[in-house]
>>> print(open('start_24.txt').read())   # compact mmCIF, C-alpha atoms
# COMPACT_ATOMS: atom_id res chain seq x y z
CA VAL A 1 0.00 0.00 0.00
CA MET A 2 2.78 2.45 0.89
CA GLU A 3 5.27 1.61 -1.86
CA PRO A 4 3.72 3.89 -4.54
CA ALA A 5 3.58 6.77 -2.05
CA ILE A 6 7.22 6.21 -1.09
CA HIS A 7 8.17 6.19 -4.78
CA TYR A 8 6.51 9.55 -5.46
CA ALA A 9 7.94 11.09 -2.29
CA ARG A 10 11.46 10.08 -3.31
CA ALA A 11 11.31 10.35 -7.13
CA GLY A 12 8.94 13.29 -7.22
CA HIS A 13 5.53 14.17 -8.61
CA PRO A 14 4.40 17.16 -10.72
CA LEU A 15 3.38 19.94 -8.35
CA LEU A 16 -0.14 21.31 -8.74
CA ARG A 17 -0.34 25.03 -9.46
CA ARG A 18 -2.45 25.75 -6.38
CA VAL A 19 0.13 24.04 -4.16
CA ALA A 20 2.98 25.95 -5.80
CA ASP A 21 1.08 29.21 -5.30
CA GLU A 22 0.47 28.43 -1.63
CA ILE A 23 4.13 27.62 -1.01
CA SER A 24 5.13 30.84 -2.78
CA ASN A 25 2.87 32.87 -0.48
CA LEU A 26 4.49 31.31 2.59
CA VAL A 27 8.17 31.63 1.62
CA GLY A 28 8.79 34.32 4.24
CA VAL A 29 7.22 32.25 7.01
CA PHE A 30 9.25 29.17 6.11
CA ARG A 31 12.55 31.07 5.92
CA GLU A 32 12.17 33.31 8.96
CA ALA A 33 9.70 31.70 11.38
CA TRP A 34 9.41 27.99 10.54
CA PRO A 35 12.96 26.99 9.55
CA THR A 36 12.19 23.26 9.78
CA SER A 37 9.70 23.69 6.92
CA ALA A 38 12.13 25.40 4.56
CA PRO A 39 14.15 22.27 3.56
CA VAL A 40 10.92 20.49 2.59
CA TRP A 41 8.89 23.21 0.88
CA LEU A 42 11.79 25.29 -0.49
CA PRO A 43 14.17 22.78 -2.11
CA GLY A 44 17.39 24.55 -3.05
CA GLY A 45 16.19 27.57 -1.07
CA THR A 46 13.50 28.64 -3.55
CA ALA A 47 9.79 27.99 -4.00
CA PRO A 48 9.07 25.20 -6.52
CA GLN A 49 7.17 25.99 -9.70
CA ALA A 50 3.91 24.48 -10.91
CA SER A 51 4.40 21.16 -12.81
CA GLU A 52 7.96 20.90 -11.47
CA LEU A 53 8.86 17.52 -9.96
CA PHE A 54 8.53 17.95 -6.21
CA ARG A 55 10.37 15.54 -3.91
CA ASN A 56 10.16 14.97 -0.17
CA PRO A 57 13.05 12.63 0.69
CA ALA A 58 12.54 13.11 4.44
CA LEU A 59 9.01 11.75 4.12
CA ALA A 60 10.24 8.84 1.98
CA ASP A 61 12.86 8.00 4.63
CA PHE A 62 10.19 8.20 7.34
CA TRP A 63 7.93 5.75 5.50
CA ASP A 64 10.84 3.45 4.63
CA ARG A 65 11.83 3.23 8.28
CA LEU A 66 8.22 2.63 9.33
CA LEU A 67 7.97 -0.28 6.88
CA ALA A 68 11.34 -1.72 7.87
CA GLU A 69 10.41 -1.76 11.55
CA ALA A 70 6.89 -3.10 11.00
CA GLU A 71 7.64 -5.84 8.48
CA THR A 72 9.70 -7.82 11.00
CA ALA A 73 6.66 -8.25 13.25
CA GLY A 74 5.19 -11.36 11.57
CA ASN A 75 1.70 -11.69 10.11
CA ARG A 76 -0.38 -8.88 8.62
CA ALA A 77 -2.14 -7.99 11.87
CA ALA A 78 1.17 -7.87 13.74
CA VAL A 79 2.73 -5.67 11.02
CA ILE A 80 -0.14 -3.18 11.27
CA GLU A 81 0.08 -3.08 15.06
CA ALA A 82 3.86 -2.60 14.91
CA ALA A 83 3.42 0.37 12.56
CA ARG A 84 0.87 1.89 14.92
CA ARG A 85 3.23 1.33 17.84
CA SER A 86 6.00 3.21 15.99
CA PHE A 87 3.71 6.21 15.86
CA ARG A 88 2.66 6.03 19.50
CA GLN A 89 5.80 4.83 21.25
CA GLY A 90 8.61 4.55 18.70
CA PHE A 91 10.70 6.84 16.55
CA VAL A 92 7.74 8.92 15.35
CA ALA A 93 6.66 9.78 18.89
CA GLU A 94 10.29 10.50 19.80
CA ALA A 95 10.68 12.92 16.88
CA VAL A 96 7.49 14.75 17.81
CA ASP A 97 8.43 14.88 21.51
CA THR A 98 11.89 16.30 20.76
CA PHE A 99 10.53 18.93 18.38
CA MET A 100 7.70 20.04 20.66
CA ARG A 101 9.97 20.24 23.70
CA ASP A 102 12.54 22.52 22.07
CA ALA A 103 10.70 24.50 19.38
CA CYS A 104 9.17 27.93 19.88
CA VAL A 105 6.85 28.43 16.93
CA LEU A 106 5.31 31.57 15.46
CA ASP A 107 1.53 31.20 15.40
CA ALA A 108 -1.43 33.17 14.04
CA THR A 109 -1.28 35.63 16.96
CA GLY A 110 2.13 36.82 15.80
CA GLU A 111 3.85 35.41 18.89
CA CYS A 112 6.18 32.45 19.33
CA ARG A 113 4.86 29.73 21.62
CA ARG A 114 5.96 26.32 22.76
CA GLY A 115 3.83 23.27 22.09
CA VAL A 116 2.14 21.14 24.73
CA LEU A 117 2.04 17.72 23.03
CA THR A 118 4.49 15.18 24.50
CA GLY A 119 5.61 11.67 23.75
CA ASP A 120 3.71 10.50 26.83
CA ASP A 121 0.52 11.98 25.37
CA MET A 122 1.02 9.96 22.21
CA ALA A 123 1.86 6.77 24.11
CA THR A 124 -1.31 6.89 26.21
CA TRP A 125 -3.73 7.43 23.31
CA SER A 126 -4.70 4.98 20.60
CA ALA A 127 -7.09 5.15 17.66
CA THR A 128 -10.06 2.82 17.98
CA ILE A 129 -12.32 0.77 15.74
CA GLU A 130 -15.94 1.84 16.19
CA ALA A 131 -19.29 0.87 14.75
CA PRO A 132 -20.70 3.59 12.47
CA ILE A 133 -23.98 5.39 13.02
CA GLU A 134 -26.61 4.52 10.43
CA VAL A 135 -29.95 5.68 9.11
CA GLU A 136 -32.23 3.86 6.68
CA THR A 137 -34.46 6.00 4.51
CA HIS A 138 -36.35 5.22 1.30
CA GLY A 139 -34.66 1.82 1.09
CA VAL A 140 -31.15 3.27 1.36
CA THR A 141 -28.91 2.67 4.38
CA VAL A 142 -26.30 5.37 5.02
CA TRP A 143 -23.39 4.97 7.44
CA LYS A 144 -21.41 7.81 8.99
CA CYS A 145 -18.80 8.27 11.72
CA GLY A 146 -20.01 9.17 15.21
CA PRO A 147 -20.62 12.57 16.82
CA TRP A 148 -16.93 13.34 17.41
CA THR A 149 -17.21 14.18 13.69
CA GLN A 150 -19.94 16.06 11.87
CA GLY A 151 -20.96 12.81 10.17
CA PRO A 152 -24.41 12.53 11.79
CA VAL A 153 -25.38 15.90 10.27
CA LEU A 154 -26.12 14.13 6.99
CA LEU A 155 -28.15 11.47 8.79
CA GLN A 156 -30.19 14.10 10.62
CA ALA A 157 -30.83 15.96 7.37
CA LEU A 158 -31.98 12.74 5.69
CA ARG A 159 -34.42 12.17 8.54
CA LEU A 160 -35.75 15.72 8.15
CA LEU A 161 -36.23 15.25 4.41
CA GLU A 162 -37.91 11.85 4.55
CA GLN A 163 -41.38 13.36 4.19
CA ASP A 164 -40.58 16.73 2.71
CA LEU A 165 -39.48 16.11 -0.88
CA PRO A 166 -42.36 15.32 -3.25
CA ASP A 167 -41.41 13.20 -6.24
CA ASP A 168 -42.28 16.01 -8.65
CA LEU A 169 -39.68 18.35 -7.15
CA LYS A 170 -36.65 18.73 -9.41
CA PRO A 171 -33.27 18.37 -7.66
CA THR A 172 -32.18 21.66 -9.22
CA GLY A 173 -35.45 23.44 -8.57
CA ASP A 174 -35.88 26.25 -6.03
CA GLY A 175 -38.22 24.28 -3.78
CA TYR A 176 -35.93 21.26 -3.57
CA VAL A 177 -32.78 23.28 -2.95
CA HIS A 178 -34.54 25.39 -0.31
CA ARG A 179 -35.71 22.37 1.67
CA VAL A 180 -32.32 20.67 1.55
CA ILE A 181 -30.47 23.82 2.65
CA GLU A 182 -32.87 24.54 5.51
CA ALA A 183 -32.71 20.93 6.72
CA LEU A 184 -28.92 21.11 6.74
CA LYS A 185 -29.00 24.39 8.66
CA LEU A 186 -31.04 22.77 11.42
CA ALA A 187 -28.77 19.72 11.51
CA PHE A 188 -25.62 21.86 11.64
CA ALA A 189 -27.10 23.88 14.51
CA ASP A 190 -27.56 20.61 16.42
CA ARG A 191 -23.97 19.73 15.60
CA GLU A 192 -22.73 22.91 17.22
CA ALA A 193 -24.87 22.41 20.31
CA TYR A 194 -24.70 18.68 20.99
CA TYR A 195 -21.91 16.88 19.13
CA GLY A 196 -18.63 15.91 20.76
CA ASP A 197 -16.52 12.98 21.88
CA PRO A 198 -18.93 10.36 23.31
CA ASP A 199 -16.11 8.99 25.48
CA PHE A 200 -16.30 12.22 27.49
CA HIS A 201 -19.91 13.38 27.19
CA ASP A 202 -23.42 11.99 26.91
CA ILE A 203 -24.42 12.72 23.30
CA PRO A 204 -28.19 12.41 22.62
CA MET A 205 -27.63 10.78 19.23
CA ASP A 206 -30.59 8.38 19.36
CA TYR A 207 -32.91 11.27 20.19
CA LEU A 208 -31.49 13.49 17.45
CA LEU A 209 -32.06 10.73 14.88
CA SER A 210 -35.52 9.74 16.10
CA GLY A 211 -38.59 10.10 13.91
CA ASP A 212 -40.48 12.20 16.47
CA TYR A 213 -37.63 14.69 16.78
CA ALA A 214 -37.29 14.89 13.00
CA ALA A 215 -41.01 15.61 12.66
CA ARG A 216 -40.80 18.51 15.11
CA ARG A 217 -37.72 19.92 13.39
CA ARG A 218 -39.28 19.49 9.96
CA ALA A 219 -42.12 21.77 11.03
CA GLU A 220 -39.57 24.54 11.62
CA ILE A 221 -38.73 24.74 7.90
CA GLY A 222 -40.69 27.63 6.44
CA GLU A 223 -41.07 29.02 2.95
CA ALA A 224 -38.37 31.65 3.52
CA ALA A 225 -34.72 31.08 4.35
CA SER A 226 -33.82 31.35 8.03
CA LEU A 227 -30.71 33.26 9.05
CA ASP A 228 -30.90 32.20 12.70
CA GLN A 229 -28.92 29.52 14.54
CA ARG A 230 -31.67 27.16 15.74
CA PRO A 231 -30.59 24.06 17.67
CA GLY A 232 -33.48 21.77 18.56
CA ALA A 233 -34.87 21.25 22.05
CA VAL A 234 -33.52 18.05 23.62
CA PRO A 235 -34.86 17.22 27.11
CA GLY A 236 -32.08 17.39 29.68
CA PHE A 237 -29.70 19.17 27.31
CA GLU A 238 -31.21 22.66 27.32
CA ARG A 239 -28.01 24.15 28.77
CA LEU A 240 -26.02 23.11 25.69
CA ALA A 241 -28.50 24.70 23.28
CA ASP A 242 -28.46 27.94 25.28
CA ALA A 243 -24.65 27.92 25.37
CA PHE A 244 -24.45 27.54 21.60
CA ILE A 245 -26.93 30.35 20.97
CA GLU A 246 -24.81 32.57 23.23
CA ARG A 247 -21.64 31.60 21.33
CA ALA A 248 -23.34 32.26 18.00
CA ALA A 249 -24.46 35.70 19.16
CA ARG A 250 -20.92 36.44 20.30
CA ARG A 251 -19.59 35.53 16.86
CA VAL A 252 -22.16 37.74 15.13
CA ALA A 253 -21.25 40.64 17.43
CA THR A 254 -17.59 40.31 16.43
CA ASP A 255 -18.46 39.86 12.73
CA SER A 256 -17.07 36.32 12.58
CA GLY A 257 -18.99 33.20 11.65
CA ILE A 258 -19.07 29.77 13.21
CA GLY A 259 -15.86 27.93 12.34
CA THR A 260 -13.80 31.02 11.51
CA GLY A 261 -10.67 32.16 13.25
CA GLU A 262 -8.65 29.00 12.64
CA PRO A 263 -5.15 29.34 14.14
CA THR A 264 -3.24 29.06 10.86
CA MET A 265 -1.26 31.26 8.51
CA ALA A 266 -4.20 31.19 6.08
CA HIS A 267 -4.31 34.99 6.08
CA LEU A 268 -1.07 34.91 4.08
CA VAL A 269 -2.59 32.76 1.34
CA THR A 270 -4.64 34.42 -1.38
CA GLN A 271 -6.53 31.29 -2.46
CA ASP A 272 -9.13 29.55 -0.32
CA ARG A 273 -8.82 25.78 -0.49
CA ASP A 274 -10.89 23.07 1.11
CA THR A 275 -10.51 19.60 2.51
CA VAL A 276 -9.12 16.31 1.15
CA HIS A 277 -11.22 13.19 0.62
CA ILE A 278 -10.59 9.89 -1.12
CA ASP A 279 -12.77 6.87 -1.98
CA VAL A 280 -11.23 3.64 -3.24
CA ILE A 281 -12.90 0.41 -4.37
CA ASP A 282 -10.73 -2.54 -5.36
CA ARG A 283 -11.51 -5.27 -7.90
CA TRP A 284 -12.93 -7.49 -5.16
CA GLY A 285 -15.43 -4.86 -4.07
CA ASN A 286 -13.68 -3.78 -0.88
CA ALA A 287 -14.32 -0.08 -0.35
CA VAL A 288 -12.59 2.61 1.69
CA SER A 289 -13.94 6.09 2.36
CA ALA A 290 -11.47 8.42 4.07
CA THR A 291 -11.22 12.11 4.87
CA PRO A 292 -7.57 12.36 6.00
CA SER A 293 -7.48 16.15 6.09
CA GLY A 294 -5.94 16.84 9.49
CA GLY A 295 -3.56 19.68 8.81
CA TRP A 296 -1.70 21.43 6.04
CA LEU A 297 1.54 23.24 5.32
CA LYS A 298 0.15 26.63 6.39
CA SER A 299 -0.99 25.44 9.83
CA ASN A 300 2.13 23.94 11.39
CA PRO A 301 5.88 23.66 10.78
CA VAL A 302 7.43 20.41 9.58
CA VAL A 303 8.67 17.99 12.25
CA PRO A 304 12.41 17.36 11.60
CA GLY A 305 13.08 13.83 10.42
CA LEU A 306 9.47 13.19 9.38
CA GLY A 307 8.99 15.59 6.47
CA VAL A 308 5.43 16.49 7.45
CA PRO A 309 3.72 18.89 9.88
CA LEU A 310 1.59 17.75 12.78
CA ASN A 311 -2.16 17.34 12.68
CA THR A 312 -3.85 20.57 13.79
CA ARG A 313 -7.44 19.43 14.31
CA ALA A 314 -7.35 20.60 17.93
CA GLN A 315 -8.32 23.95 16.37
CA MET A 316 -11.90 22.61 16.43
CA PHE A 317 -12.07 22.70 20.24
CA TRP A 318 -13.84 25.47 22.15
CA LEU A 319 -12.13 27.09 25.15
CA ASP A 320 -15.52 27.57 26.84
CA GLU A 321 -15.83 25.04 29.66
CA GLY A 322 -18.45 22.32 30.08
CA LEU A 323 -19.30 21.73 26.41
CA PRO A 324 -19.07 18.50 24.40
CA THR A 325 -16.46 20.33 22.29
CA SER A 326 -14.49 21.87 25.17
CA LEU A 327 -10.72 21.38 25.15
CA ALA A 328 -9.61 18.50 27.41
CA PRO A 329 -6.65 16.07 27.60
CA GLY A 330 -7.06 12.89 25.56
CA LYS A 331 -10.29 14.11 24.00
CA ARG A 332 -11.07 14.04 20.30
CA PRO A 333 -12.01 17.41 18.79
CA ARG A 334 -15.36 17.51 17.02
CA THR A 335 -14.02 17.57 13.49
CA THR A 336 -15.65 18.31 10.14
CA LEU A 337 -14.19 15.11 8.67
CA SER A 338 -17.03 13.10 7.19
CA PRO A 339 -16.41 9.88 5.20
CA SER A 340 -19.54 8.03 4.14
CA MET A 341 -20.84 4.69 2.92
CA ALA A 342 -24.27 3.62 1.71
CA ARG A 343 -26.16 0.56 0.49
CA LEU A 344 -28.92 1.06 -2.07
CA GLY A 345 -32.06 -1.01 -2.22
CA ASP A 346 -30.65 -3.26 -4.95
CA GLY A 347 -27.58 -4.04 -2.85
CA THR A 348 -25.24 -1.61 -4.60
CA ARG A 349 -22.76 -0.12 -2.15
CA LEU A 350 -21.29 3.36 -2.35
CA ALA A 351 -18.27 5.05 -0.80
CA PHE A 352 -18.49 8.83 -0.82
CA GLY A 353 -17.80 11.94 1.21
>>> encode(input="start_24.txt", output="C-alpha cells")
Amino acid sequence: VMEPAIHYARAGHPLLRRVADEISNLVGVFREAWPTSAPVWLPGGTAPQASELFRNPALADFWDRLLAEAETAGNRAAVIEAARRSFRQGFVAEAVDTFMRDACVLDATGECRRGVLTGDDMATWSATIEAPIEVETHGVTVWKCGPWTQGPVLLQALRLLEQDLPDDLKPTGDGYVHRVIEALKLAFADREAYYGDPDFHDIPMDYLLSGDYAARRRAEIGEAASLDQRPGAVPGFERLADAFIERAARRVATDSGIGTGEPTMAHLVTQDRDTVHIDVIDRWGNAVSATPSGGWLKSNPVVPGLGVPLNTRAQMFWLDEGLPTSLAPGKRPRTTLSPSMARLGDGTRLAFG
C-alpha cells in the first residue's frame, strides 16, 4: 500500500499550481519563522514551480523506516500493530516529543509559543475501531462516523427530508434546494450544540435521529430562508442549546462566523482551499472512504526527520468550559471530517464523502 507513495515522495511528482502558489505565499514564514519547513517546501532555497517535480526525501525516509520496523513483526495484523506502535511509542513519537519540547513556533497571533504535546501523550492514546452510526431511509442505508465528527449531520438531514421532498420536485429546482439547505442548517445547529466525543460526554444521538424529533424539526422549515442559529430542544440538554446560541451571538457581534478564526497562517494565502477526501474500491469490491485532512503546510511547521507537519485538528475545540467540544486532555475534537458509505435497495454499495 505504501510503496507507490514512497516512490513519489522520493522520485517526485508534478506539483499542482495551487500548491505551488500556496508555497510561494508562505516563503517568508518558512525562511524566517518555521525553519524546519524550509528544507521540505523550499528545495534549493526557492519555492518550486507548478508542474515541477517535487520531492520529499525526508518523508520517503520516514515511511521506509516505518515499513522496515513493521515488516519484522510477523503476520499482517502484527505488522499493522507494529506500525501503529512506531507512531505512539517509537521513533515517530520520539521525533514529535523532541521537536515540541525545544521549538518555539510563530503562530497566528504573531507570537512564538511552545507546544504542549508530548511523547507520553502519544503513548497513552490509541485510535479505535468503532461501529458507524446509520440511518435507513427510502430503502437506502447510510453509514457515517459518530458525533466526534460532523458525520451525523447528513443522517439528521436525511431524517428531516424523509417526508418533505415530493417526487415532482426537481433536484435543481428552487423548492428542492430550499428544503435541503434549511434541513442542513437545522442539523448543523444541532452539531454545534450537541456533538462531541462520546467517550467524554453523553451525546443524545438516538434522540437526534428519532422520527419524532425529525417531525418537530421538519415543522420549523418555512417558505423563507432562516438566518438564525436554531438548535433543537432536547430534554435534559437545554443548557447546551443555550450555550451555543450565546456563542453564536458572540460571533455575530464580532463579525465572525461559526468555524472562523482558525489558528493558521491562512491569512497569508490568497486562495481559499478546502478539505481532502478519497474513496477507493478494489476489484474485489472492498471499499474505503477516508477524509484524511488533518492539517496542512500553512498550519504547522514540519517535524524534523518526518517531512510532514503535525495534525492541527485541535483547532476545532472550544475554550468555553463544560461543552461536548471543550478542550480537554485525551479528548477528540469535534471535526468536520465526514467519510460516508451507503447501500442502495438493490444491494449496490457506495463510498463517498
>>> closest_atom_pairs(input="start_24.txt", of="range 185-234 of chain A", to="range 311-327 of chain A", cutoff="7 Å", atoms="only C-alpha atoms", output="Markdown table")
| residue | atom | partner | partner_atom | distance |
| --- | --- | --- | --- | --- |
| A:Tyr194 | CA | A:Pro324 | CA | 6.6 |
| A:Tyr195 | CA | A:Pro324 | CA | 6.2 |
| A:Gly196 | CA | A:Pro324 | CA | 4.5 |
| A:Asp197 | CA | A:Pro324 | CA | 6.6 |
| A:His201 | CA | A:Pro324 | CA | 5.9 |
>>> residues_around(input="start_24.txt", residues="range 172-188 of chain A", least_positions_apart="3", cutoff="10 Å", atoms="all atoms listed in the file", output="VMD selection string")
chain A and resid 150 152 to 161 164 to 166 168 to 169 191 to 195 208 214 217 to 218 220 to 232
>>> closest_residue(input="start_24.txt", among="A:Pro301, A:Ile245, A:Tyr8, A:Val40", to="Cys104 in chain A", atoms="only C-alpha atoms")
A:Pro301
>>> residues_around(input="start_24.txt", residues="Leu350 in chain A", least_positions_apart="3", cutoff="12 Å", atoms="only C-alpha atoms", output="list of chain:residue names")
A:Val140, A:Thr141, A:Val142, A:Trp143, A:Asp279, A:Val280, A:Ile281, A:Gly285, A:Asn286, A:Ala287, A:Val288, A:Ser289, A:Pro339, A:Ser340, A:Met341, A:Ala342, A:Arg343, A:Leu344, A:Gly345, A:Asp346, A:Gly347, A:Gly353
>>> closest_residue(input="start_24.txt", among="A:Ser338, A:Ala351, A:Phe87, A:Arg31", to="Gly151 in chain A", atoms="all atoms listed in the file")
A:Ser338
>>> atom_distance(input="start_24.txt", atom1="CA of Ala108 in chain A", atom2="CA of Arg88 in chain A")
28.0 Å
>>> closest_residue(input="start_24.txt", among="A:Phe91, A:Val116, A:Ala189, A:Val1", to="Arg247 in chain A", atoms="all atoms listed in the file")
A:Ala189
>>> residues_around(input="start_24.txt", residues="Pro4 in chain A", least_positions_apart="4", cutoff="12 Å", atoms="only C-alpha atoms", output="PyMOL selection string")
chain A and resi 8-13+60+63-64
>>> atom_distance(input="start_24.txt", atom1="CA of Gly74 in chain A", atom2="CA of Gly90 in chain A")
17.8 Å
>>> closest_residue(input="start_24.txt", among="A:Met2, A:Leu310, A:Leu67, A:Ile23", to="Thr46 in chain A", atoms="only C-alpha atoms")
A:Ile23
>>> closest_residue(input="start_24.txt", among="A:Ala93, A:Val29, A:Asp212, A:Ala47", to="Trp125 in chain A", atoms="only C-alpha atoms")
A:Ala93
>>> atom_distance(input="start_24.txt", atom1="CA of His277 in chain A", atom2="CA of Leu59 in chain A")
20.6 Å
>>> closest_residue(input="start_24.txt", among="A:Arg250, A:Pro309, A:Glu136, A:Thr72", to="Ala38 in chain A", atoms="all atoms listed in the file")
A:Pro309
>>> build_atoms(input="start_24.txt", residues="range 333-351 of chain A", atoms="N, CA and C atoms", output="tab-separated table (two decimals), in the coordinates of the input")
chain	number	residue	atom	x	y	z
A	333	PRO	N	-11.26	16.22	19.19
A	333	PRO	CA	-12.01	17.41	18.79
A	333	PRO	C	-13.16	17.01	17.88
A	334	ARG	N	-14.23	17.79	17.92
A	334	ARG	CA	-15.36	17.51	17.02
A	334	ARG	C	-14.99	18.05	15.64
A	335	THR	N	-14.56	17.16	14.78
A	335	THR	CA	-14.02	17.57	13.49
A	335	THR	C	-15.12	17.68	12.44
A	336	THR	N	-14.75	18.26	11.30
A	336	THR	CA	-15.65	18.31	10.14
A	336	THR	C	-15.41	17.15	9.19
A	337	LEU	N	-14.51	16.24	9.54
A	337	LEU	CA	-14.19	15.11	8.67
A	337	LEU	C	-15.41	14.20	8.58
A	338	SER	N	-15.74	13.75	7.35
A	338	SER	CA	-17.03	13.10	7.19
A	338	SER	C	-17.05	12.07	6.07
A	339	PRO	N	-16.30	10.96	6.19
A	339	PRO	CA	-16.41	9.88	5.20
A	339	PRO	C	-17.77	9.21	5.30
A	340	SER	N	-18.18	8.57	4.21
A	340	SER	CA	-19.54	8.03	4.14
A	340	SER	C	-19.58	6.74	3.34
A	341	MET	N	-20.54	5.89	3.70
A	341	MET	CA	-20.84	4.69	2.92
A	341	MET	C	-22.35	4.51	2.89
A	342	ALA	N	-22.83	3.85	1.84
A	342	ALA	CA	-24.27	3.62	1.71
A	342	ALA	C	-24.53	2.32	0.97
A	343	ARG	N	-25.70	1.74	1.23
A	343	ARG	CA	-26.16	0.56	0.49
A	343	ARG	C	-27.53	0.88	-0.08
A	344	LEU	N	-27.65	0.79	-1.41
A	344	LEU	CA	-28.92	1.06	-2.07
A	344	LEU	C	-29.84	-0.15	-1.95
A	345	GLY	N	-31.08	0.05	-2.34
A	345	GLY	CA	-32.06	-1.01	-2.22
A	345	GLY	C	-31.73	-2.25	-3.01
A	346	ASP	N	-31.01	-2.10	-4.13
A	346	ASP	CA	-30.65	-3.26	-4.95
A	346	ASP	C	-29.36	-3.92	-4.49
A	347	GLY	N	-28.81	-3.46	-3.38
A	347	GLY	CA	-27.58	-4.04	-2.85
A	347	GLY	C	-26.31	-3.32	-3.26
A	348	THR	N	-26.41	-2.39	-4.20
A	348	THR	CA	-25.24	-1.61	-4.60
A	348	THR	C	-24.70	-0.82	-3.42
A	349	ARG	N	-23.39	-0.84	-3.26
A	349	ARG	CA	-22.76	-0.12	-2.15
A	349	ARG	C	-21.95	1.06	-2.69
A	350	LEU	N	-21.98	2.14	-1.95
A	350	LEU	CA	-21.29	3.36	-2.35
A	350	LEU	C	-20.31	3.79	-1.27
A	351	ALA	N	-19.20	4.36	-1.69
A	351	ALA	CA	-18.27	5.05	-0.80
A	351	ALA	C	-18.20	6.49	-1.29
